[in-house]
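Written out below as structure tokens is the structure these notes cover.
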Amino acid sequence: MFDILKKFLGKIFGRKNNIKLGFYGPPNAGKTSLANRICKDWTGEEIGLVSKIPHETRTVQFKEKVEIKHKGKEMTFKMVDTPGIATKIDYEDFLKFGLKKKIAKKRAKEATQGIIESIRWLDDMDAVVVVLDATENPYSQVNLTIIGNLIARKIPILVVANKIDLKKANIEQFSSTFPEYDIVGISAKEGTNMEEFYDAIFKLAKKV
Amino acid sequence: MKKIKDKKGKEFSLQVIPFAEVEELTISERVKKILDLILANKIVILHGRLRAEEEARLIEDTMALVDHVEQFKGIELAVIEPDMREKGFIDRMKYGLAKSLVGDSSSLTIIGPASVIKDIKKDPKKIELFFS
């Protein structure tokens, strides 16, 4: 009964419940680490495995009904963690991490399918957190392609620069590359700056 | 057309595609045209810029090819834009949004096979191709 009333009020005030929140970005930027941190904070469970080897996430992963309470507000999200988008996949890159050739080839094959799946899911998102690696140059074609596609689909975006705990992190270059967005610098691994992140998520949800 | 060799001795050539040549093509036709050239070991220099959806489609179709074509590892892609550094913030923002929505004939798009090009470093006034 309470749920029905909540949904009804949500509709009246134009607020959507169970917002589909996608995590997009290049491989190894920390999408799953961030989604895990949020899911662990609010449901006690993680969404997927993380690894130093790129393309650990090779299928779209979900966590339904993640209720986030922040500064007296409450909102329910469906978390959608996606495989990292890249323009090239070479199984030999995985060999450097000690994987055997057969496993590396299998990983490469699954990674190509994962990228296709990520792109196809773009249309289904209500809002997207674009997770980028704060230690890398943000001006890459893949990043621009991801953001360009979200703009074209009129999907609200939050740009997050992850891994600010690392010495090489340079958040200033993100602000100059994407001057039209507020950039939130976080460390999903250490849980740094998550308060600011949740502020931004609630602001983002209002745009849905 | 002059052939160029990479460090491993593999030959490739540059192929310039004028904007008019792809203007009337559908997304599928454009992407197919580009990928056919890439598979023939060409570095494509396209006058203009693909729309955001076309770039996504190019990546999708590239991944399908990586899955099916032996030795094909993917592509390197870069868009060189006209120098916008002199423009103000609002102009840059408007330009950035517009170009991603409708494509843009004043830009240059460089696409090459990832097995030949390791990386494309961009600067508004120059590009550098790093070969594998």
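Here, A, B, ... name the chains of the structure tokens in the order displayed, residue numbers run from 1 inside each chain, and ligands are numbered from 1 in the same displayed order.
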Residue contacts of range 32-40 of chain B (12 Å, only C-alpha atoms) excluding same-chain residues fewer than 5 positions away, as an mmCIF file with N, CA, C and O atoms, in the first residue's frame:
```cif
data_model
loop_
_atom_site.group_PDB
_atom_site.id
_atom_site.type_symbol
_atom_site.label_atom_id
_atom_site.label_comp_id
_atom_site.auth_asym_id
_atom_site.auth_seq_id
_atom_site.Cartn_x
_atom_site.Cartn_y
_atom_site.Cartn_z
ATOM 1 N N LYS B 10 54.866 -4.116 -42.450
ATOM 2 C CA LYS B 10 53.537 -4.235 -43.045
ATOM 3 C C LYS B 10 53.229 -2.954 -43.835
ATOM 4 O O LYS B 10 53.446 -1.848 -43.339
ATOM 5 N N GLU B 11 52.704 -3.137 -45.040
ATOM 6 C CA GLU B 11 52.434 -1.967 -45.896
ATOM 7 C C GLU B 11 51.014 -1.450 -45.703
ATOM 8 O O GLU B 11 50.079 -2.229 -45.542
ATOM 9 N N PHE B 12 50.879 -0.160 -45.731
ATOM 10 C CA PHE B 12 49.544 0.437 -45.706
ATOM 11 C C PHE B 12 49.584 1.756 -46.461
ATOM 12 O O PHE B 12 50.656 2.297 -46.740
ATOM 13 N N SER B 13 48.428 2.264 -46.817
ATOM 14 C CA SER B 13 48.385 3.534 -47.542
ATOM 15 C C SER B 13 47.283 4.427 -46.984
ATOM 16 O O SER B 13 46.391 3.956 -46.260
ATOM 17 N N LEU B 14 47.377 5.685 -47.288
ATOM 18 C CA LEU B 14 46.377 6.643 -46.811
ATOM 19 C C LEU B 14 45.253 6.745 -47.837
ATOM 20 O O LEU B 14 45.499 6.760 -49.040
ATOM 21 N N GLN B 15 44.036 6.821 -47.363
ATOM 22 C CA GLN B 15 42.896 6.957 -48.271
ATOM 23 C C GLN B 15 42.068 8.150 -47.800
ATOM 24 O O GLN B 15 41.552 8.161 -46.672
ATOM 25 N N VAL B 16 41.975 9.162 -48.637
ATOM 26 C CA VAL B 16 41.193 10.347 -48.270
ATOM 27 C C VAL B 16 39.771 10.182 -48.806
ATOM 28 O O VAL B 16 39.568 9.839 -49.961
ATOM 29 N N ILE B 17 38.803 10.403 -47.929
ATOM 30 C CA ILE B 17 37.397 10.347 -48.366
ATOM 31 C C ILE B 17 36.780 11.746 -48.221
ATOM 32 O O ILE B 17 36.640 12.242 -47.101
ATOM 33 N N GLU B 21 31.445 12.392 -50.602
ATOM 34 C CA GLU B 21 31.374 10.982 -50.978
ATOM 35 C C GLU B 21 30.572 10.134 -49.984
ATOM 36 O O GLU B 21 30.065 9.062 -50.342
ATOM 37 N N VAL B 22 30.459 10.607 -48.751
ATOM 38 C CA VAL B 22 29.728 9.814 -47.742
ATOM 39 C C VAL B 22 28.449 10.509 -47.253
ATOM 40 O O VAL B 22 27.661 9.927 -46.523
ATOM 41 N N LEU B 25 25.199 8.700 -47.764
ATOM 42 C CA LEU B 25 25.134 7.291 -47.348
ATOM 43 C C LEU B 25 24.389 7.126 -46.018
ATOM 44 O O LEU B 25 24.383 8.033 -45.189
ATOM 45 N N THR B 26 23.785 5.972 -45.823
ATOM 46 C CA THR B 26 23.154 5.655 -44.532
ATOM 47 C C THR B 26 24.265 5.341 -43.533
ATOM 48 O O THR B 26 25.421 5.147 -43.929
ATOM 49 N N ILE B 27 23.896 5.252 -42.252
ATOM 50 C CA ILE B 27 24.892 4.924 -41.214
ATOM 51 C C ILE B 27 25.594 3.609 -41.563
ATOM 52 O O ILE B 27 26.818 3.520 -41.540
ATOM 53 N N ILE B 45 41.286 8.947 -44.005
ATOM 54 C CA ILE B 45 41.176 10.349 -43.586
ATOM 55 C C ILE B 45 39.858 10.865 -44.157
ATOM 56 O O ILE B 45 39.717 11.050 -45.363
ATOM 57 N N LEU B 46 38.914 11.023 -43.283
ATOM 58 C CA LEU B 46 37.566 11.419 -43.699
ATOM 59 C C LEU B 46 37.384 12.916 -43.478
ATOM 60 O O LEU B 46 37.607 13.419 -42.372
ATOM 61 N N LEU B 50 32.010 11.925 -37.962
ATOM 62 C CA LEU B 50 30.838 11.064 -37.829
ATOM 63 C C LEU B 50 29.964 11.586 -36.696
ATOM 64 O O LEU B 50 30.473 12.182 -35.748
ATOM 65 N N GLU B 54 26.972 7.338 -35.076
ATOM 66 C CA GLU B 54 27.771 6.634 -36.095
ATOM 67 C C GLU B 54 29.081 6.122 -35.499
ATOM 68 O O GLU B 54 29.549 5.035 -35.842
ATOM 69 N N GLU B 55 29.662 6.924 -34.610
ATOM 70 C CA GLU B 55 30.890 6.481 -33.937
ATOM 71 C C GLU B 55 30.602 5.220 -33.116
ATOM 72 O O GLU B 55 31.385 4.269 -33.118
ATOM 73 N N ARG B 57 28.202 3.086 -33.640
ATOM 74 C CA ARG B 57 27.946 1.987 -34.587
ATOM 75 C C ARG B 57 29.263 1.454 -35.156
ATOM 76 O O ARG B 57 29.440 0.252 -35.328
ATOM 77 N N LEU B 58 30.197 2.383 -35.412
ATOM 78 C CA LEU B 58 31.505 1.977 -35.923
ATOM 79 C C LEU B 58 32.210 1.066 -34.912
ATOM 80 O O LEU B 58 32.809 0.046 -35.283
ATOM 81 N N ILE B 59 32.111 1.426 -33.631
ATOM 82 C CA ILE B 59 32.744 0.596 -32.590
ATOM 83 C C ILE B 59 32.049 -0.769 -32.523
ATOM 84 O O ILE B 59 32.709 -1.810 -32.457
ATOM 85 N N GLU B 60 30.714 -0.751 -32.564
ATOM 86 C CA GLU B 60 29.957 -2.015 -32.524
ATOM 87 C C GLU B 60 30.376 -2.948 -33.663
ATOM 88 O O GLU B 60 30.689 -4.125 -33.439
ATOM 89 N N ASP B 61 30.377 -2.403 -34.877
ATOM 90 C CA ASP B 61 30.705 -3.232 -36.046
ATOM 91 C C ASP B 61 32.170 -3.662 -36.031
ATOM 92 O O ASP B 61 32.514 -4.756 -36.484
ATOM 93 N N THR B 62 33.031 -2.787 -35.499
ATOM 94 C CA THR B 62 34.447 -3.138 -35.357
ATOM 95 C C THR B 62 34.593 -4.352 -34.441
ATOM 96 O O THR B 62 35.330 -5.293 -34.736
ATOM 97 N N MET B 63 33.863 -4.322 -33.323
ATOM 98 C CA MET B 63 33.947 -5.436 -32.363
ATOM 99 C C MET B 63 33.440 -6.739 -32.975
ATOM 100 O O MET B 63 33.987 -7.813 -32.729
ATOM 101 N N ALA B 64 32.393 -6.627 -33.786
ATOM 102 C CA ALA B 64 31.865 -7.832 -34.454
ATOM 103 C C ALA B 64 32.933 -8.400 -35.401
ATOM 104 O O ALA B 64 33.103 -9.615 -35.498
ATOM 105 N N LEU B 65 33.678 -7.504 -36.051
ATOM 106 C CA LEU B 65 34.733 -7.948 -36.973
ATOM 107 C C LEU B 65 35.915 -8.572 -36.221
ATOM 108 O O LEU B 65 36.479 -9.571 -36.667
ATOM 109 N N VAL B 66 36.273 -7.958 -35.072
ATOM 110 C CA VAL B 66 37.380 -8.496 -34.267
ATOM 111 C C VAL B 66 37.077 -9.950 -33.910
ATOM 112 O O VAL B 66 37.960 -10.816 -33.910
ATOM 113 N N VAL B 69 37.217 -11.848 -37.746
ATOM 114 C CA VAL B 69 38.326 -11.765 -38.711
ATOM 115 C C VAL B 69 39.659 -11.986 -37.991
ATOM 116 O O VAL B 69 40.018 -11.233 -37.071
ATOM 117 N N GLU B 70 40.324 -13.025 -38.395
ATOM 118 C CA GLU B 70 41.629 -13.380 -37.809
ATOM 119 C C GLU B 70 42.609 -12.211 -37.978
ATOM 120 O O GLU B 70 42.640 -11.561 -39.017
ATOM 121 N N GLN B 71 43.390 -11.921 -36.983
ATOM 122 C CA GLN B 71 44.423 -10.869 -36.992
ATOM 123 C C GLN B 71 43.860 -9.446 -36.903
ATOM 124 O O GLN B 71 44.625 -8.502 -36.812
ATOM 125 N N PHE B 72 42.552 -9.274 -36.969
ATOM 126 C CA PHE B 72 41.998 -7.918 -36.868
ATOM 127 C C PHE B 72 41.765 -7.595 -35.389
ATOM 128 O O PHE B 72 41.004 -8.278 -34.703
ATOM 129 N N LYS B 73 42.462 -6.541 -34.909
ATOM 130 C CA LYS B 73 42.411 -6.225 -33.475
ATOM 131 C C LYS B 73 41.512 -5.043 -33.154
ATOM 132 O O LYS B 73 41.304 -4.720 -31.990
ATOM 133 N N GLY B 74 41.069 -4.356 -34.192
ATOM 134 C CA GLY B 74 40.229 -3.186 -33.939
ATOM 135 C C GLY B 74 40.767 -1.958 -34.635
ATOM 136 O O GLY B 74 41.590 -2.069 -35.556
ATOM 137 N N ILE B 75 40.333 -0.793 -34.172
ATOM 138 C CA ILE B 75 40.714 0.449 -34.856
ATOM 139 C C ILE B 75 41.274 1.474 -33.878
ATOM 140 O O ILE B 75 41.088 1.371 -32.671
ATOM 141 N N GLU B 76 41.950 2.450 -34.435
ATOM 142 C CA GLU B 76 42.295 3.678 -33.718
ATOM 143 C C GLU B 76 41.514 4.781 -34.417
ATOM 144 O O GLU B 76 41.454 4.821 -35.652
ATOM 145 N N LEU B 77 40.919 5.636 -33.643
ATOM 146 C CA LEU B 77 40.036 6.669 -34.192
ATOM 147 C C LEU B 77 40.347 8.011 -33.527
ATOM 148 O O LEU B 77 40.537 8.073 -32.322
ATOM 149 N N THR B 109 38.470 13.273 -39.645
ATOM 150 C CA THR B 109 38.441 12.055 -38.841
ATOM 151 C C THR B 109 39.489 11.095 -39.388
ATOM 152 O O THR B 109 39.538 10.851 -40.586
ATOM 153 N N ILE B 110 40.320 10.607 -38.498
ATOM 154 C CA ILE B 110 41.366 9.668 -38.902
ATOM 155 C C ILE B 110 41.060 8.311 -38.270
ATOM 156 O O ILE B 110 40.857 8.228 -37.056
ATOM 157 N N ILE B 111 40.967 7.314 -39.105
ATOM 158 C CA ILE B 111 40.665 5.967 -38.606
ATOM 159 C C ILE B 111 41.662 4.997 -39.230
ATOM 160 O O ILE B 111 41.854 4.991 -40.441
ATOM 161 N N GLY B 112 42.276 4.205 -38.392
ATOM 162 C CA GLY B 112 43.248 3.238 -38.909
ATOM 163 C C GLY B 112 43.164 1.926 -38.170
ATOM 164 O O GLY B 112 42.590 1.856 -37.077
ATOM 165 N N PRO B 113 43.713 0.870 -38.763
ATOM 166 C CA PRO B 113 43.699 -0.426 -38.076
ATOM 167 C C PRO B 113 44.591 -0.397 -36.840
ATOM 168 O O PRO B 113 45.702 0.129 -36.885
ATOM 169 N N ALA B 114 44.096 -0.947 -35.735
ATOM 170 C CA ALA B 114 44.861 -0.916 -34.479
ATOM 171 C C ALA B 114 46.164 -1.702 -34.581
ATOM 172 O O ALA B 114 47.110 -1.426 -33.859
ATOM 173 N N SER B 115 46.222 -2.660 -35.529
ATOM 174 C CA SER B 115 47.451 -3.438 -35.665
ATOM 175 C C SER B 115 48.563 -2.606 -36.312
ATOM 176 O O SER B 115 49.733 -2.946 -36.213
ATOM 177 N N VAL B 116 48.190 -1.520 -36.956
ATOM 178 C CA VAL B 116 49.164 -0.647 -37.614
ATOM 179 C C VAL B 116 49.430 0.592 -36.755
ATOM 180 O O VAL B 116 50.577 0.984 -36.540
ATOM 181 N N ILE B 117 48.355 1.183 -36.262
ATOM 182 C CA ILE B 117 48.504 2.406 -35.469
ATOM 183 C C ILE B 117 48.352 2.079 -33.997
ATOM 184 O O ILE B 117 47.330 1.568 -33.558
#
```
*Go through A:Thr135, A:Ser187, A:Asn143, A:Thr76 and flag the residue nearest chain B, using only C-alpha atoms for the distances.*
A:Asn143
Would you list the contacts of range 108-117 of chain A as a compact mmCIF listing (two decimals) with C-alpha atoms, in the first residue's frame, taking every protein, DNA or RNA residue within 10 Å and counting only C-alpha atoms, but skipping same-chain residues closer than 4 positions in sequence?
```txt
# COMPACT_ATOMS: atom_id res chain seq x y z
CA PRO A 26 36.64 2.93 -20.80
CA PRO A 27 38.04 -0.35 -19.43
CA PRO A 54 41.22 -4.93 -18.27
CA HIS A 55 37.77 -6.14 -19.35
CA GLU A 56 36.98 -7.95 -16.11
CA THR A 57 33.32 -6.95 -16.62
CA ARG A 58 32.25 -8.56 -19.88
CA THR A 59 28.49 -8.64 -19.46
CA VAL A 60 26.07 -6.01 -18.21
CA THR A 82 28.50 -2.06 -18.09
CA PRO A 83 31.63 -3.50 -19.74
CA GLY A 84 34.25 -0.88 -20.62
CA ILE A 85 34.04 0.52 -24.14
CA ALA A 86 37.14 0.31 -26.34
CA THR A 87 37.91 0.46 -30.07
CA LYS A 88 40.41 -2.39 -30.03
CA ILE A 89 40.79 -5.73 -28.29
CA ASP A 90 43.98 -7.72 -28.53
CA TYR A 91 44.20 -10.99 -26.62
CA GLU A 92 48.00 -10.51 -26.46
CA ASP A 93 47.44 -7.59 -24.07
CA PHE A 94 46.00 -10.07 -21.55
CA LYS A 102 43.47 -19.93 -24.52
CA ILE A 103 42.02 -17.99 -21.58
CA ALA A 104 43.25 -14.69 -23.03
CA TRP A 121 22.14 -0.65 -23.51
CA LEU A 122 22.73 3.09 -23.92
CA ALA B 56 29.08 4.07 -31.61
CA ARG B 57 27.95 1.99 -34.59
CA ILE B 59 32.74 0.60 -32.59
CA GLU B 60 29.96 -2.01 -32.52
CA ASP B 61 30.70 -3.23 -36.05
CA THR B 62 34.45 -3.14 -35.36
CA MET B 63 33.95 -5.44 -32.36
CA ALA B 64 31.87 -7.83 -34.45
CA LEU B 65 34.73 -7.95 -36.97
CA VAL B 66 37.38 -8.50 -34.27
CA ASP B 67 35.34 -11.52 -33.29
CA HIS B 68 35.26 -12.93 -36.81
CA LYS B 73 42.41 -6.22 -33.48
CA GLY B 74 40.23 -3.19 -33.94
```
*Can you list, as a list of chain:residue names, all residues belonging to range 51-103 of chain A that DSSP tags as strand (DSSP E)?*
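Of range 51-103 of chain A, only A:Gln61, A:Phe62, A:Lys63, A:Glu64, A:Lys65, A:Val66, A:Glu67, A:Ile68, A:Lys69, A:His70, A:Lys73, A:Glu74, A:Met75, A:Thr76, A:Phe77, A:Lys78, A:Met79, A:Val80, A:Asp81 fall in strand (DSSP E).
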Could you please take those selected residues and save N, CA, C and O atoms as a PDB file, in the first residue's frame?
```pdb
ATOM      1  N   GLN A  61      25.845  -5.967 -15.780  1.00  0.00           N
ATOM      2  CA  GLN A  61      25.453  -6.495 -14.461  1.00  0.00           C
ATOM      3  C   GLN A  61      24.461  -5.544 -13.798  1.00  0.00           C
ATOM      4  O   GLN A  61      24.582  -4.327 -13.959  1.00  0.00           O
ATOM      5  N   PHE A  62      23.536  -6.108 -13.040  1.00  0.00           N
ATOM      6  CA  PHE A  62      22.485  -5.281 -12.438  1.00  0.00           C
ATOM      7  C   PHE A  62      22.410  -5.456 -10.927  1.00  0.00           C
ATOM      8  O   PHE A  62      22.743  -6.510 -10.415  1.00  0.00           O
ATOM      9  N   LYS A  63      21.911  -4.440 -10.295  1.00  0.00           N
ATOM     10  CA  LYS A  63      21.487  -4.560  -8.898  1.00  0.00           C
ATOM     11  C   LYS A  63      20.193  -3.762  -8.797  1.00  0.00           C
ATOM     12  O   LYS A  63      20.154  -2.551  -8.999  1.00  0.00           O
ATOM     13  N   GLU A  64      19.133  -4.511  -8.517  1.00  0.00           N
ATOM     14  CA  GLU A  64      17.789  -3.896  -8.468  1.00  0.00           C
ATOM     15  C   GLU A  64      17.579  -3.178  -7.136  1.00  0.00           C
ATOM     16  O   GLU A  64      18.130  -3.585  -6.120  1.00  0.00           O
ATOM     17  N   LYS A  65      16.740  -2.191  -7.178  1.00  0.00           N
ATOM     18  CA  LYS A  65      16.237  -1.492  -5.983  1.00  0.00           C
ATOM     19  C   LYS A  65      17.310  -1.163  -4.943  1.00  0.00           C
ATOM     20  O   LYS A  65      17.294  -1.678  -3.825  1.00  0.00           O
ATOM     21  N   VAL A  66      18.216  -0.336  -5.340  1.00  0.00           N
ATOM     22  CA  VAL A  66      19.233   0.155  -4.408  1.00  0.00           C
ATOM     23  C   VAL A  66      18.701   1.478  -3.834  1.00  0.00           C
ATOM     24  O   VAL A  66      18.609   2.482  -4.536  1.00  0.00           O
ATOM     25  N   GLU A  67      18.311   1.435  -2.569  1.00  0.00           N
ATOM     26  CA  GLU A  67      17.734   2.624  -1.923  1.00  0.00           C
ATOM     27  C   GLU A  67      18.840   3.447  -1.293  1.00  0.00           C
ATOM     28  O   GLU A  67      19.502   2.973  -0.369  1.00  0.00           O
ATOM     29  N   ILE A  68      19.023   4.646  -1.789  1.00  0.00           N
ATOM     30  CA  ILE A  68      20.080   5.508  -1.244  1.00  0.00           C
ATOM     31  C   ILE A  68      19.436   6.610  -0.411  1.00  0.00           C
ATOM     32  O   ILE A  68      18.529   7.311  -0.878  1.00  0.00           O
ATOM     33  N   LYS A  69      19.893   6.735   0.828  1.00  0.00           N
ATOM     34  CA  LYS A  69      19.403   7.795   1.716  1.00  0.00           C
ATOM     35  C   LYS A  69      20.553   8.773   1.922  1.00  0.00           C
ATOM     36  O   LYS A  69      21.651   8.364   2.319  1.00  0.00           O
ATOM     37  N   HIS A  70      20.281  10.029   1.648  1.00  0.00           N
ATOM     38  CA  HIS A  70      21.367  11.012   1.737  1.00  0.00           C
ATOM     39  C   HIS A  70      20.791  12.365   2.132  1.00  0.00           C
ATOM     40  O   HIS A  70      19.893  12.882   1.457  1.00  0.00           O
ATOM     41  N   LYS A  73      17.104  12.785   2.221  1.00  0.00           N
ATOM     42  CA  LYS A  73      16.367  12.405   1.004  1.00  0.00           C
ATOM     43  C   LYS A  73      16.576  10.918   0.730  1.00  0.00           C
ATOM     44  O   LYS A  73      17.556  10.332   1.179  1.00  0.00           O
ATOM     45  N   GLU A  74      15.636  10.372  -0.056  1.00  0.00           N
ATOM     46  CA  GLU A  74      15.714   8.946  -0.342  1.00  0.00           C
ATOM     47  C   GLU A  74      15.365   8.718  -1.812  1.00  0.00           C
ATOM     48  O   GLU A  74      14.434   9.334  -2.328  1.00  0.00           O
ATOM     49  N   MET A  75      16.103   7.874  -2.457  1.00  0.00           N
ATOM     50  CA  MET A  75      15.814   7.585  -3.861  1.00  0.00           C
ATOM     51  C   MET A  75      16.205   6.143  -4.176  1.00  0.00           C
ATOM     52  O   MET A  75      17.172   5.629  -3.628  1.00  0.00           O
ATOM     53  N   THR A  76      15.417   5.515  -5.059  1.00  0.00           N
ATOM     54  CA  THR A  76      15.704   4.123  -5.414  1.00  0.00           C
ATOM     55  C   THR A  76      16.260   4.048  -6.828  1.00  0.00           C
ATOM     56  O   THR A  76      15.715   4.658  -7.753  1.00  0.00           O
ATOM     57  N   PHE A  77      17.341   3.309  -6.973  1.00  0.00           N
ATOM     58  CA  PHE A  77      18.003   3.174  -8.271  1.00  0.00           C
ATOM     59  C   PHE A  77      18.096   1.709  -8.677  1.00  0.00           C
ATOM     60  O   PHE A  77      18.188   0.825  -7.827  1.00  0.00           O
ATOM     61  N   LYS A  78      18.096   1.491  -9.990  1.00  0.00           N
ATOM     62  CA  LYS A  78      18.504   0.188 -10.511  1.00  0.00           C
ATOM     63  C   LYS A  78      19.900   0.409 -11.086  1.00  0.00           C
ATOM     64  O   LYS A  78      20.079   1.182 -12.039  1.00  0.00           O
ATOM     65  N   MET A  79      20.893  -0.220 -10.484  1.00  0.00           N
ATOM     66  CA  MET A  79      22.278  -0.022 -10.919  1.00  0.00           C
ATOM     67  C   MET A  79      22.585  -0.900 -12.134  1.00  0.00           C
ATOM     68  O   MET A  79      22.287  -2.095 -12.109  1.00  0.00           O
ATOM     69  N   VAL A  80      23.162  -0.300 -13.146  1.00  0.00           N
ATOM     70  CA  VAL A  80      23.513  -1.060 -14.357  1.00  0.00           C
ATOM     71  C   VAL A  80      25.004  -0.842 -14.635  1.00  0.00           C
ATOM     72  O   VAL A  80      25.408   0.230 -15.096  1.00  0.00           O
ATOM     73  N   ASP A  81      25.794  -1.838 -14.310  1.00  0.00           N
ATOM     74  CA  ASP A  81      27.245  -1.753 -14.502  1.00  0.00           C
ATOM     75  C   ASP A  81      27.581  -2.356 -15.865  1.00  0.00           C
ATOM     76  O   ASP A  81      27.195  -3.489 -16.160  1.00  0.00           O
TER      77      ASP A  81
END
```
*asked:* So the first atom is CA of Val208 in chain A and the second is CA of Asp126 in chain A; what is the distance between them in Å, to one decimal place?
replied: 6.2 Å
